[in-house]
$ cat upload.cif   # mmCIF, C-alpha atoms and all ligand atoms
data_final
#
loop_
_atom_site.label_atom_id
_atom_site.label_comp_id
_atom_site.auth_asym_id
_atom_site.auth_seq_id
_atom_site.Cartn_x
_atom_site.Cartn_y
_atom_site.Cartn_z
CA MET A 1 0.00 0.00 0.00
CA ASP A 2 1.19 3.51 -0.82
CA LYS A 3 2.41 5.72 1.93
CA ILE A 4 -0.13 7.82 3.79
CA GLU A 5 1.13 11.26 4.77
CA THR A 6 -0.11 12.97 7.91
CA ILE A 7 0.36 16.61 8.78
CA ASP A 8 -0.52 17.93 12.25
CA ILE A 9 -1.76 21.45 12.27
CA ASP A 10 -1.76 23.49 15.48
CA ILE A 11 -3.86 26.61 15.46
CA TRP A 12 -3.23 28.96 18.30
CA SER A 13 -5.95 31.45 19.00
CA VAL A 14 -7.13 32.98 22.24
CA ASP A 15 -10.73 31.88 21.91
CA ASN A 16 -10.29 28.47 20.34
CA PRO A 17 -6.88 26.80 20.12
CA THR A 18 -7.09 23.59 18.16
CA THR A 19 -5.02 20.80 16.67
CA TYR A 20 -6.08 18.50 13.87
CA ASN A 21 -4.71 16.20 11.21
CA ILE A 22 -4.50 16.40 7.46
CA ILE A 23 -4.41 12.86 6.04
CA ILE A 24 -3.11 12.54 2.47
CA GLY A 25 -3.06 9.35 0.44
CA SER A 26 -4.57 7.39 -2.38
CA HIS A 27 -7.84 5.49 -1.77
CA VAL A 28 -8.09 6.85 1.77
CA ILE A 29 -11.85 7.45 1.41
CA LYS A 30 -12.22 3.65 1.64
CA ASN A 31 -10.60 3.71 5.06
CA VAL A 32 -12.13 6.92 6.34
CA SER A 33 -13.35 5.25 9.54
CA GLU A 34 -9.71 4.67 10.49
CA TYR A 35 -9.35 8.42 10.77
CA ILE A 36 -12.76 9.48 12.03
CA ASN A 37 -14.50 7.79 14.93
CA PHE A 38 -18.06 8.06 13.61
CA GLU A 39 -19.60 6.44 16.70
CA HIS A 40 -18.49 9.50 18.61
CA TYR A 41 -21.16 11.65 16.87
CA SER A 42 -24.93 11.74 17.37
CA ARG A 43 -25.52 12.05 13.62
CA VAL A 44 -23.39 12.16 10.49
CA GLY A 45 -24.24 13.99 7.28
CA ILE A 46 -22.49 14.46 3.96
CA LEU A 47 -22.79 17.66 1.95
CA THR A 48 -21.80 17.34 -1.69
CA ASP A 49 -22.66 18.71 -5.13
CA GLU A 50 -24.56 17.21 -8.05
CA LYS A 51 -21.39 16.44 -10.04
CA VAL A 52 -19.45 14.82 -7.22
CA ALA A 53 -22.45 12.84 -5.87
CA PRO A 54 -22.67 10.25 -8.68
CA LEU A 55 -18.87 9.84 -8.68
CA TRP A 56 -17.84 9.65 -5.04
CA LEU A 57 -20.80 9.78 -2.65
CA ASP A 58 -21.48 6.01 -2.59
CA ASN A 59 -17.80 5.26 -1.98
CA LEU A 60 -17.84 7.48 1.07
CA VAL A 61 -21.23 6.29 2.39
CA LYS A 62 -20.09 2.66 2.11
CA SER A 63 -17.00 3.34 4.21
CA ILE A 64 -18.97 4.81 7.09
CA PRO A 65 -20.18 2.17 9.55
CA ILE A 66 -23.25 4.11 10.73
CA LYS A 67 -26.30 5.66 9.03
CA VAL A 68 -25.52 8.88 7.17
CA SER A 69 -27.74 11.60 5.73
CA GLU A 70 -26.97 13.12 2.35
CA ILE A 71 -27.41 16.74 1.28
CA VAL A 72 -26.79 17.35 -2.41
CA ILE A 73 -26.74 20.87 -3.89
CA GLY A 74 -25.94 22.32 -7.35
CA GLN A 75 -22.37 22.82 -8.51
CA GLY A 76 -20.03 25.67 -9.39
CA GLU A 77 -19.21 29.10 -8.03
CA GLU A 78 -22.79 30.28 -8.63
CA VAL A 79 -24.11 28.06 -5.80
CA LYS A 80 -21.73 29.54 -3.23
CA ASN A 81 -24.34 31.86 -1.80
CA ILE A 82 -26.39 32.48 1.31
CA ASP A 83 -29.52 30.79 -0.17
CA ASN A 84 -27.68 27.49 -0.21
CA VAL A 85 -26.37 28.04 3.31
CA ARG A 86 -29.98 28.50 4.36
CA HIS A 87 -30.88 25.31 2.53
CA VAL A 88 -28.17 23.39 4.40
CA TRP A 89 -29.32 24.87 7.74
CA GLU A 90 -32.90 23.79 6.97
CA GLU A 91 -31.75 20.26 6.14
CA LEU A 92 -29.67 20.03 9.31
CA LEU A 93 -32.64 21.20 11.35
CA THR A 94 -35.03 18.74 9.69
CA LEU A 95 -32.52 15.91 10.13
CA GLY A 96 -32.23 16.67 13.84
CA PHE A 97 -28.55 17.64 13.86
CA ASP A 98 -27.16 19.00 17.11
CA ARG A 99 -23.77 20.18 18.35
CA LYS A 100 -22.62 16.56 18.71
CA SER A 101 -23.30 15.80 15.02
CA LEU A 102 -20.73 15.81 12.23
CA LEU A 103 -20.96 17.27 8.72
CA LEU A 104 -18.61 15.93 6.04
CA ASN A 105 -17.93 18.30 3.12
CA LEU A 106 -17.27 16.10 0.09
CA GLY A 107 -16.32 18.21 -2.93
CA GLY A 108 -14.26 21.15 -4.15
CA GLY A 109 -13.66 24.53 -2.60
CA VAL A 110 -17.24 25.60 -3.11
CA ILE A 111 -18.61 22.74 -1.00
CA GLY A 112 -15.85 23.16 1.59
CA ASP A 113 -16.33 26.93 1.96
CA LEU A 114 -20.13 26.73 2.00
CA GLY A 115 -20.43 23.59 4.13
CA GLY A 116 -17.81 24.81 6.58
CA PHE A 117 -19.66 28.12 6.95
CA ALA A 118 -23.07 26.47 7.35
CA ALA A 119 -21.60 24.12 9.99
CA SER A 120 -19.70 26.86 11.81
CA THR A 121 -22.87 28.92 12.24
CA PHE A 122 -25.49 26.21 12.88
CA MET A 123 -26.15 26.16 16.64
CA ARG A 124 -23.01 28.29 17.00
CA GLY A 125 -20.83 25.59 15.57
CA LEU A 126 -21.20 22.01 14.50
CA PRO A 127 -18.08 19.86 14.06
CA TYR A 128 -17.24 19.32 10.41
CA ALA A 129 -14.58 17.60 8.30
CA HIS A 130 -13.33 18.28 4.79
CA ILE A 131 -12.97 15.55 2.20
CA PRO A 132 -11.73 17.69 -0.71
CA THR A 133 -12.03 16.26 -4.23
CA THR A 134 -10.42 18.92 -6.47
CA LEU A 135 -6.71 19.67 -6.60
CA LEU A 136 -7.47 23.26 -5.63
CA SER A 137 -9.33 22.23 -2.49
CA GLN A 138 -6.74 19.58 -1.59
CA VAL A 139 -3.76 21.94 -1.78
CA ASP A 140 -5.42 25.09 -0.57
CA SER A 141 -9.02 25.76 0.36
CA SER A 142 -9.51 22.85 2.80
CA ILE A 143 -6.55 24.04 4.89
CA GLY A 144 -6.69 27.01 7.22
CA GLY A 145 -10.30 27.37 8.30
CA LYS A 146 -11.49 30.22 6.08
CA VAL A 147 -15.13 29.43 5.32
CA GLY A 148 -17.81 31.55 3.72
CA VAL A 149 -19.89 32.51 0.72
CA ASN A 150 -20.07 35.24 -1.92
CA PHE A 151 -22.50 38.09 -1.37
CA GLY A 152 -23.48 41.16 -3.39
CA GLU A 153 -21.03 40.21 -6.15
CA VAL A 154 -18.14 40.28 -3.70
CA LYS A 155 -16.20 37.04 -3.28
CA ASN A 156 -16.25 35.51 0.20
CA LEU A 157 -17.81 38.62 1.76
CA ILE A 158 -19.74 36.67 4.39
CA GLY A 159 -17.71 34.16 6.34
CA SER A 160 -15.83 33.14 9.42
CA PHE A 161 -12.71 31.40 10.63
CA SER A 162 -13.58 27.90 11.72
CA GLN A 163 -11.24 24.93 11.74
CA PRO A 164 -12.38 21.43 10.76
CA GLU A 165 -12.08 18.29 12.91
CA ILE A 166 -9.90 16.69 10.25
CA VAL A 167 -9.09 16.93 6.54
CA VAL A 168 -8.99 13.62 4.64
CA ILE A 169 -7.46 13.97 1.18
CA ASP A 170 -7.82 11.15 -1.33
CA VAL A 171 -5.81 11.96 -4.46
CA ASN A 172 -7.60 9.12 -6.23
CA THR A 173 -10.61 11.44 -6.55
CA LEU A 174 -8.56 13.56 -8.97
CA ASN A 175 -8.94 10.80 -11.58
CA THR A 176 -12.45 12.00 -12.38
CA LEU A 177 -11.65 15.71 -12.33
CA PRO A 178 -11.87 17.50 -15.70
CA ASN A 179 -8.44 18.62 -16.91
CA ARG A 180 -9.38 22.31 -16.88
CA GLU A 181 -10.26 22.02 -13.16
CA LEU A 182 -7.04 20.12 -12.45
CA MET A 183 -4.95 22.84 -14.09
CA ALA A 184 -6.85 25.52 -12.13
CA GLY A 185 -5.69 23.72 -8.97
CA PHE A 186 -2.09 24.00 -10.12
CA ALA A 187 -2.44 27.79 -9.98
CA GLU A 188 -2.48 27.55 -6.16
CA VAL A 189 0.39 25.00 -6.23
CA ILE A 190 2.43 27.45 -8.33
CA LYS A 191 1.43 30.22 -5.91
CA HIS A 192 2.84 28.23 -2.97
CA GLY A 193 6.14 27.82 -4.80
CA LEU A 194 6.26 31.47 -5.80
CA ILE A 195 5.63 32.83 -2.31
CA LYS A 196 7.66 30.38 -0.25
CA ASP A 197 9.72 27.75 -2.04
CA GLU A 198 11.36 28.04 -5.46
CA ASP A 199 12.70 24.44 -5.26
CA TYR A 200 9.17 23.14 -4.85
CA LEU A 201 8.07 25.17 -7.87
CA ASP A 202 10.92 23.82 -10.00
CA ASP A 203 10.17 20.25 -8.85
CA VAL A 204 6.50 20.53 -9.82
CA VAL A 205 7.40 21.94 -13.23
CA LYS A 206 9.87 19.10 -13.77
CA LYS A 207 7.31 16.48 -12.71
CA LYS A 208 4.74 17.94 -15.08
CA GLN A 209 6.97 17.00 -18.02
CA GLY A 210 6.07 13.36 -17.43
CA LYS A 211 2.72 11.88 -16.52
CA LEU A 212 1.96 12.65 -12.91
CA SER A 213 1.42 9.51 -10.84
CA GLU A 214 -0.75 9.24 -7.72
CA LYS A 215 2.47 9.18 -5.70
CA ASP A 216 3.46 12.49 -7.30
CA PHE A 217 0.10 13.95 -6.38
CA VAL A 218 0.45 12.79 -2.77
CA GLN A 219 3.82 14.56 -2.61
CA ILE A 220 2.55 17.74 -4.31
CA VAL A 221 -0.50 17.95 -2.05
CA LYS A 222 1.69 17.29 1.01
CA ARG A 223 4.22 20.00 0.17
CA SER A 224 1.50 22.54 -0.52
CA CYS A 225 -0.38 21.62 2.66
CA ASP A 226 2.89 21.92 4.62
CA ILE A 227 3.44 25.41 3.29
CA LYS A 228 -0.12 26.54 3.92
CA ALA A 229 -0.33 24.87 7.35
CA LYS A 230 2.87 26.60 8.55
CA VAL A 231 1.62 30.01 7.45
CA VAL A 232 -1.80 29.49 9.05
CA GLU A 233 -0.25 28.19 12.28
CA GLU A 234 1.69 31.40 12.55
CA ASP A 235 -1.20 33.71 11.71
CA GLU A 236 -4.70 32.18 11.61
CA ARG A 237 -6.56 35.50 11.39
CA GLU A 238 -4.49 37.11 8.63
CA ASN A 239 -2.97 39.91 10.62
CA GLY A 240 0.43 39.38 9.02
CA VAL A 241 2.16 36.52 7.20
CA ARG A 242 -1.08 34.86 6.08
CA LYS A 243 -1.44 37.80 3.67
CA MET A 244 1.28 36.10 1.59
CA LEU A 245 -1.30 33.51 0.54
CA ASN A 246 -3.28 36.32 -1.10
CA PHE A 247 -0.64 36.66 -3.81
CA GLY A 248 -2.54 37.13 -7.08
CA HIS A 249 -5.88 37.27 -5.29
CA SER A 250 -6.79 40.99 -5.25
CA ILE A 251 -6.87 41.11 -9.03
CA GLY A 252 -7.82 37.42 -9.22
CA HIS A 253 -10.98 37.82 -7.13
CA ALA A 254 -11.99 40.93 -9.10
CA LEU A 255 -11.56 39.13 -12.43
CA GLU A 256 -13.33 36.02 -11.15
CA ALA A 257 -16.33 38.04 -9.93
CA LEU A 258 -16.42 40.24 -13.05
CA SER A 259 -16.38 37.19 -15.28
CA HIS A 260 -19.50 36.00 -13.46
CA VAL A 261 -21.40 39.24 -13.90
CA SER A 262 -23.02 38.24 -17.15
CA GLN A 263 -25.11 41.40 -17.36
CA ASN A 264 -22.08 43.65 -17.00
CA GLU A 265 -21.81 45.76 -20.15
CA SER A 266 -18.06 45.43 -20.32
CA VAL A 267 -18.12 41.64 -20.31
CA ASN A 268 -18.73 39.77 -23.53
CA SER A 269 -20.23 36.71 -21.89
CA LYS A 270 -23.87 35.76 -22.33
CA PRO A 271 -26.13 34.98 -19.36
CA GLY A 272 -25.77 31.35 -18.35
CA ASP A 273 -22.74 30.81 -20.57
CA ASN A 274 -20.52 28.97 -18.07
CA ALA A 275 -17.71 28.40 -20.54
CA ASP A 276 -16.81 32.09 -20.43
CA TYR A 277 -16.40 32.22 -16.69
CA LEU A 278 -12.95 32.22 -15.25
CA LEU A 279 -12.38 29.47 -12.72
CA HIS A 280 -10.92 30.61 -9.40
CA GLY A 281 -7.49 29.18 -10.25
CA GLU A 282 -7.53 30.73 -13.73
CA ALA A 283 -8.37 34.15 -12.32
CA VAL A 284 -5.59 33.74 -9.74
CA ALA A 285 -3.13 32.85 -12.53
CA LEU A 286 -3.92 36.17 -14.24
CA GLY A 287 -3.79 37.96 -10.88
CA MET A 288 -0.33 36.46 -10.22
CA ILE A 289 0.94 37.80 -13.54
CA VAL A 290 -0.33 41.28 -12.70
CA ALA A 291 1.16 41.10 -9.20
CA SER A 292 4.48 39.92 -10.71
CA GLU A 293 4.45 42.81 -13.19
CA ILE A 294 3.79 45.22 -10.31
CA SER A 295 6.66 43.60 -8.38
CA LYS A 296 8.91 44.23 -11.40
CA GLU A 297 7.75 47.84 -11.75
CA VAL A 298 8.55 48.62 -8.12
CA GLY A 299 11.98 47.01 -8.45
CA LEU A 300 11.38 43.83 -6.45
CA LEU A 301 11.40 41.24 -9.25
CA LYS A 302 13.57 40.80 -12.34
CA GLU A 303 12.06 40.80 -15.81
CA LYS A 304 13.41 37.29 -16.45
CA ASP A 305 11.52 36.05 -13.37
CA VAL A 306 8.26 37.53 -14.65
CA ASP A 307 8.92 35.73 -17.96
CA LYS A 308 9.58 32.49 -16.05
CA ILE A 309 6.27 32.85 -14.18
CA ARG A 310 4.35 33.39 -17.42
CA GLU A 311 6.05 30.40 -19.00
CA ILE A 312 5.23 28.13 -16.04
CA LEU A 313 1.56 29.17 -16.05
CA SER A 314 1.37 28.46 -19.80
CA LYS A 315 2.86 25.01 -19.25
CA PHE A 316 -0.10 24.30 -17.00
CA HIS A 317 -2.51 25.62 -19.64
CA LEU A 318 -3.45 28.51 -17.40
CA PRO A 319 -4.44 31.82 -18.99
CA THR A 320 -1.80 34.52 -19.29
CA GLU A 321 -4.08 36.93 -21.11
CA LEU A 322 -7.63 38.03 -20.43
CA GLU A 323 -9.96 36.60 -23.02
CA PHE A 324 -12.81 39.02 -22.52
CA GLU A 325 -12.77 42.78 -22.76
CA LEU A 326 -12.35 44.77 -19.56
CA SER A 327 -10.59 48.07 -19.11
CA PRO A 328 -7.88 48.39 -16.43
CA ASN A 329 -10.01 50.99 -14.66
CA VAL A 330 -13.05 48.71 -14.40
CA ILE A 331 -10.83 46.09 -12.78
CA ILE A 332 -9.19 48.60 -10.42
CA GLU A 333 -12.61 49.95 -9.42
CA LYS A 334 -13.75 46.43 -8.65
CA VAL A 335 -10.67 45.78 -6.51
CA MET A 336 -11.28 49.06 -4.66
CA PHE A 337 -14.96 48.22 -4.20
CA ASP A 338 -14.08 44.81 -2.76
CA LYS A 339 -11.41 46.27 -0.48
CA LYS A 340 -13.70 49.05 0.71
CA ASN A 341 -15.99 46.33 1.95
CA VAL A 342 -13.25 44.25 3.44
CA SER A 343 -10.32 46.34 4.67
CA GLY A 344 -10.55 49.86 3.32
CA LYS A 345 -7.45 50.01 1.11
CA ILE A 346 -5.38 47.94 -1.27
CA ASN A 347 -2.27 46.49 0.25
CA TRP A 348 -0.45 44.38 -2.29
CA THR A 349 1.24 41.07 -1.76
CA LEU A 350 4.23 41.06 -4.11
CA LEU A 351 7.30 38.97 -4.86
CA LYS A 352 10.75 39.99 -3.77
CA GLY A 353 12.30 37.35 -5.98
CA ILE A 354 10.76 33.96 -6.68
CA GLY A 355 10.07 32.03 -3.47
CA ASN A 356 9.81 35.13 -1.32
CA ALA A 357 6.59 37.10 -0.87
CA VAL A 358 6.26 40.47 0.83
CA PHE A 359 2.96 41.96 1.93
CA ASP A 360 1.30 45.27 2.80
CA VAL A 361 3.02 47.10 -0.05
CA SER A 362 1.17 50.18 -1.32
CA VAL A 363 1.46 50.88 -5.03
CA GLU A 364 0.59 53.88 -7.25
CA LYS A 365 -2.52 53.45 -9.39
CA GLU A 366 -0.52 54.14 -12.59
CA ILE A 367 1.71 51.14 -11.90
CA VAL A 368 -1.32 48.89 -11.43
CA GLN A 369 -2.84 50.19 -14.67
CA LYS A 370 0.38 49.45 -16.54
CA ALA A 371 0.63 45.96 -15.04
CA LEU A 372 -2.98 45.23 -15.98
CA LYS A 373 -2.28 46.15 -19.60
CA SER A 374 0.22 43.30 -19.70
CA ILE A 375 -2.63 40.74 -19.56
CA MET A 376 -4.73 42.48 -22.24
N1 LIG A 401 -11.23 28.83 1.98
C1 LIG A 401 -10.10 29.09 1.36
O1 LIG A 401 -9.07 29.31 2.01
C2 LIG A 401 -10.06 29.09 -0.11
C3 LIG A 401 -8.83 29.06 -0.80
C4 LIG A 401 -8.84 28.98 -2.19
C5 LIG A 401 -10.03 28.94 -2.87
N2 LIG A 401 -11.22 28.98 -2.19
C6 LIG A 401 -12.51 28.90 -2.90
O2 LIG A 401 -12.61 27.64 -3.54
C7 LIG A 401 -13.51 27.74 -4.63
C8 LIG A 401 -12.95 27.02 -5.83
O3 LIG A 401 -12.78 25.66 -5.51
P1 LIG A 401 -12.72 24.54 -6.64
O4 LIG A 401 -11.78 24.95 -7.68
O5 LIG A 401 -12.50 23.25 -5.95
O6 LIG A 401 -14.15 24.65 -7.31
P2 LIG A 401 -15.52 23.79 -7.20
O7 LIG A 401 -15.79 23.40 -5.81
O8 LIG A 401 -16.52 24.60 -7.92
O9 LIG A 401 -15.19 22.48 -8.03
C9 LIG A 401 -14.91 22.59 -9.40
C10 LIG A 401 -15.79 21.68 -10.25
O10 LIG A 401 -15.34 20.33 -10.15
C11 LIG A 401 -16.41 19.46 -9.79
N3 LIG A 401 -15.75 18.39 -9.04
C12 LIG A 401 -15.30 18.43 -7.77
N4 LIG A 401 -14.63 17.31 -7.47
C13 LIG A 401 -14.69 16.52 -8.57
C14 LIG A 401 -14.15 15.23 -8.90
N5 LIG A 401 -13.37 14.56 -8.04
N6 LIG A 401 -14.42 14.73 -10.12
C15 LIG A 401 -15.17 15.45 -11.02
N7 LIG A 401 -15.66 16.66 -10.79
C16 LIG A 401 -15.42 17.20 -9.57
C17 LIG A 401 -17.37 20.33 -9.05
O11 LIG A 401 -18.67 19.79 -9.13
C18 LIG A 401 -17.26 21.63 -9.86
O12 LIG A 401 -18.02 21.53 -11.02
C19 LIG A 401 -13.72 29.22 -4.88
O13 LIG A 401 -15.00 29.59 -4.45
C20 LIG A 401 -12.65 29.88 -4.02
O14 LIG A 401 -13.05 31.15 -3.57
C21 LIG A 401 -11.24 29.04 -0.83
ZN ZN A 402 -7.24 30.96 -4.12
#

$ encode --input "upload.cif" --output "structure tokens" --more "lines below"
Ligand SMILES: NC(=O)c1ccc[n+]([C@@H]2O[C@H](COP(=O)([O-])OP(=O)(O)OC[C@H]3O[C@@H](n4cnc5c(N)ncnc54)[C@H](O)[C@@H]3O)[C@@H](O)[C@H]2O)c1
Ligand SMILES: [Zn+2]
Amino acid sequence: MDKIETIDIDIWSVDNPTTYNIIIGSHVIKNVSEYINFEHYSRVGILTDEKVAPLWLDNLVKSIPIKVSEIVIGQGEEVKNIDNVRHVWEELLTLGFDRKSLLLNLGGGVIGDLGGFAASTFMRGLPYAHIPTTLLSQVDSSIGGKVGVNFGEVKNLIGSFSQPEIVVIDVNTLNTLPNRELMAGFAEVIKHGLIKDEDYLDDVVKKKQGKLSEKDFVQIVKRSCDIKAKVVEEDERENGVRKMLNFGHSIGHALEALSHVSQNESVNSKPGDNADYLLHGEAVALGMIVASEISKEVGLLKEKDVDKIREILSKFHLPTELEFELSPNVIIEKVMFDKKNVSGKINWTLLKGIGNAVFDVSVEKEIVQKALKSIM
């Protein structure tokens, strides 16, 4: 049997210090009851989406020795809203869940963020576990306890910090993931290398030249989780170093949200035309290019490094140019609008060389405009 990796994560916070495990392996869903003592809970429920349900729900249900309830919602970024949180709350209430019950979030980042938020608010907090099934959720969103939903066209506006009981990552689930989604997950992997570890980045690029095995995926997920876990352990609430993880995300979130606003005059997409939407990872790839260009403009990053970053993103079939029309000012306004709602001003996370992120850098608007033109 292949090696199972375990990472312990220790979150220190005044109100709720906690320690939990991240289990990473292939076919670990089959053995989930080795990691979770289901008898310990009054009830167990699984939240998943309509695409993941026919692929992985039965596998998980079969590995749980007690009766489980299933809650299945729609899929995609569009369902990450407060209406679906309400739906989950209603289901939990009808099913008789209490604070000794457990909710398992089986799916990508949307299910994890939404399910985690619904659980963290139901009866002031129900224990929950993540069983992430996309590369993006395995390397990033299931780690660190940020949960929430989009609101008023702002990404993740409503949310909380709430850590899971455990994260069980089965890289075997990636076998059914569409390639475009897999590549979007690599955007966060590349981000981890760019902000913290150039050797890791180079290793992943090298591995990508061949066919990635399940063992490779276990190692990639582990190294990313290690990076993210260390940052979150140091700064759960994003007062300092956790801001590094936002590299590419100010612009990324704006582009992601704008690509979803189908009625927006400046977007060429048609209502309901999913193909035109940028996936989270794709938007972050573009955001990382802009942030790298800004880093170059303010003298922190060499031109050859920006070229290297573009080349790596292309190798992973991630976008390096915006495919729909938006002016730099529309994007900047959106970033400002988002920040006004969240923190009041734009503090950029930039690269001071590859593998080394710096945060809280303020940048002139003209520099941002120029950097944005580089993806148009
Ligand atoms: N909480 C955090 O710290 C954090 C960090 C990064 C991203 N996020 C959030 O994560 C979300 C993006 O997550 P995502 O990329 O996983 O998107 P997603 O959850 O929408 O999943 C992508 C698509 O893949 C499908 N899918 C999932 N697993 C599958 C499988 N094994 N086989 C086949 N299809 C499968 C889903 O149904 C969906 O259609 C965004 O909302 C983003 O804001 C949160
Ligand atoms: Zn992200």

$ closest_atom_pairs --input "upload.cif" --of "chain A" --to "ligand LIG 401 (chain A)" --cutoff "7 Å" --atoms "only C-alpha atoms and all ligand atoms" --output "Markdown table"
| residue | atom | partner | partner_atom | distance |
| --- | --- | --- | --- | --- |
| A:Asp49 | CA | A:LIG401 | O11 | 5.8 |
| A:Glu50 | CA | A:LIG401 | O11 | 6.5 |
| A:Lys51 | CA | A:LIG401 | O11 | 4.4 |
| A:Val52 | CA | A:LIG401 | C13 | 5.2 |
| A:Leu55 | CA | A:LIG401 | N6 | 6.8 |
| A:Gln75 | CA | A:LIG401 | O11 | 4.8 |
| A:Gly76 | CA | A:LIG401 | O8 | 4.0 |
| A:Glu77 | CA | A:LIG401 | O8 | 5.2 |
| A:Lys80 | CA | A:LIG401 | O13 | 6.8 |
| A:Gly107 | CA | A:LIG401 | N4 | 4.9 |
| A:Gly108 | CA | A:LIG401 | O7 | 3.2 |
| A:Gly109 | CA | A:LIG401 | O3 | 3.2 |
| A:Val110 | CA | A:LIG401 | O7 | 3.8 |
| A:Ile111 | CA | A:LIG401 | O7 | 5.6 |
| A:Asp113 | CA | A:LIG401 | N1 | 5.4 |
| A:Thr133 | CA | A:LIG401 | N4 | 4.3 |
| A:Thr134 | CA | A:LIG401 | N4 | 4.6 |
| A:Leu135 | CA | A:LIG401 | O5 | 6.8 |
| A:Leu136 | CA | A:LIG401 | O5 | 5.0 |
| A:Ser137 | CA | A:LIG401 | O5 | 4.8 |
| A:Asp140 | CA | A:LIG401 | C3 | 5.2 |
| A:Ser141 | CA | A:LIG401 | C3 | 3.5 |
| A:Ser142 | CA | A:LIG401 | N1 | 6.3 |
| A:Ile143 | CA | A:LIG401 | O1 | 6.5 |
| A:Gly144 | CA | A:LIG401 | O1 | 6.2 |
| A:Gly145 | CA | A:LIG401 | N1 | 6.6 |
| A:Lys146 | CA | A:LIG401 | N1 | 4.3 |
| A:Val147 | CA | A:LIG401 | N1 | 5.2 |
| A:Lys155 | CA | A:LIG401 | O14 | 6.7 |
| A:Asn156 | CA | A:LIG401 | O14 | 6.6 |
| A:Thr173 | CA | A:LIG401 | N5 | 4.4 |
| A:Leu174 | CA | A:LIG401 | N5 | 5.0 |
| A:Asn175 | CA | A:LIG401 | N5 | 6.8 |
| A:Thr176 | CA | A:LIG401 | N6 | 4.1 |
| A:Leu177 | CA | A:LIG401 | N6 | 3.7 |
| A:Pro178 | CA | A:LIG401 | C15 | 6.1 |
| A:Glu181 | CA | A:LIG401 | C9 | 6.0 |
| A:Ala184 | CA | A:LIG401 | O4 | 6.7 |
| A:Gly185 | CA | A:LIG401 | O4 | 6.3 |
| A:Leu279 | CA | A:LIG401 | O4 | 6.8 |
| A:His280 | CA | A:LIG401 | C8 | 5.5 |
| A:Gly281 | CA | A:LIG401 | O4 | 6.5 |

$ closest_residue --input "upload.cif" --among "A:Val361, A:Leu245, A:Ile82, A:Val290" --to "ligand ZN 402 (chain A)" --atoms "all atoms listed in the file"
A:Leu245

$ closest_residue --input "upload.cif" --among "A:Phe38, A:Trp56, A:Phe117, A:Phe186" --to "ligand ZN 402 (chain A)" --atoms "all atoms listed in the file"
A:Phe186

$ residues_around --input "upload.cif" --residues "Phe247 in chain A" --least-positions-apart "4" --cutoff "8 Å" --atoms "all atoms listed in the file" --output "number ranges by chain"
A: 191, 195, 243, 287-288, 291, 348-350, 357

$ write_last_selection --input "upload.cif" --atoms "C-alpha atoms" --output "PDB file, keeping the file's coordinate frame"
ATOM      1  CA  LYS A 191       1.430  30.220  -5.910  1.00  0.00           C
ATOM      2  CA  ILE A 195       5.630  32.830  -2.310  1.00  0.00           C
ATOM      3  CA  LYS A 243      -1.440  37.800   3.670  1.00  0.00           C
ATOM      4  CA  GLY A 287      -3.790  37.960 -10.880  1.00  0.00           C
ATOM      5  CA  MET A 288      -0.330  36.460 -10.220  1.00  0.00           C
ATOM      6  CA  ALA A 291       1.160  41.100  -9.200  1.00  0.00           C
ATOM      7  CA  TRP A 348      -0.450  44.380  -2.290  1.00  0.00           C
ATOM      8  CA  THR A 349       1.240  41.070  -1.760  1.00  0.00           C
ATOM      9  CA  LEU A 350       4.230  41.060  -4.110  1.00  0.00           C
ATOM     10  CA  ALA A 357       6.590  37.100  -0.870  1.00  0.00           C
TER      11      ALA A 357
END

$ closest_residue --input "upload.cif" --among "A:Arg310, A:Lys304, A:His192, A:Lys315" --to "Lys207 in chain A" --atoms "all atoms listed in the file"
A:Lys315

$ closest_residue --input "upload.cif" --among "A:Gly125, A:Gly353, A:Pro319, A:Gly248" --to "ligand ZN 402 (chain A)" --atoms "only C-alpha atoms and all ligand atoms"
A:Gly248

$ atom_distance --input "upload.cif" --atom1 "CA of Trp89 in chain A" --atom2 "CA of Ile73 in chain A"
12.6 Å

$ residues_around --input "upload.cif" --residues "range 295-300 of chain A" --least-positions-apart "3" --cutoff "6 Å" --atoms "all atoms listed in the file" --output "number ranges by chain"
A: 292, 350-352

$ residues_around --input "upload.cif" --residues "Gly252 in chain A" --least-positions-apart "2" --cutoff "7 Å" --atoms "all atoms listed in the file" --output "PyMOL selection string"
chain A and resi 248-250+254-256+283-284+286-287

$ residues_around --input "upload.cif" --residues "range 364-372 of chain A" --least-positions-apart "5" --cutoff "6 Å" --atoms "only C-alpha atoms" --output "list of chain:residue names"
A:Val290, A:Glu293, A:Ile294, A:Pro328

$ write_last_selection --input "upload.cif" --atoms "C-alpha atoms" --output "PDB file, keeping the file's coordinate frame"
ATOM      1  CA  VAL A 290      -0.330  41.280 -12.700  1.00  0.00           C
ATOM      2  CA  GLU A 293       4.450  42.810 -13.190  1.00  0.00           C
ATOM      3  CA  ILE A 294       3.790  45.220 -10.310  1.00  0.00           C
ATOM      4  CA  PRO A 328      -7.880  48.390 -16.430  1.00  0.00           C
TER       5      PRO A 328
END

$ closest_residue --input "upload.cif" --among "A:Ser374, A:Asn239, A:Gln138, A:Asn329" --to "ligand ZN 402 (chain A)" --atoms "only C-alpha atoms and all ligand atoms"
A:Gln138
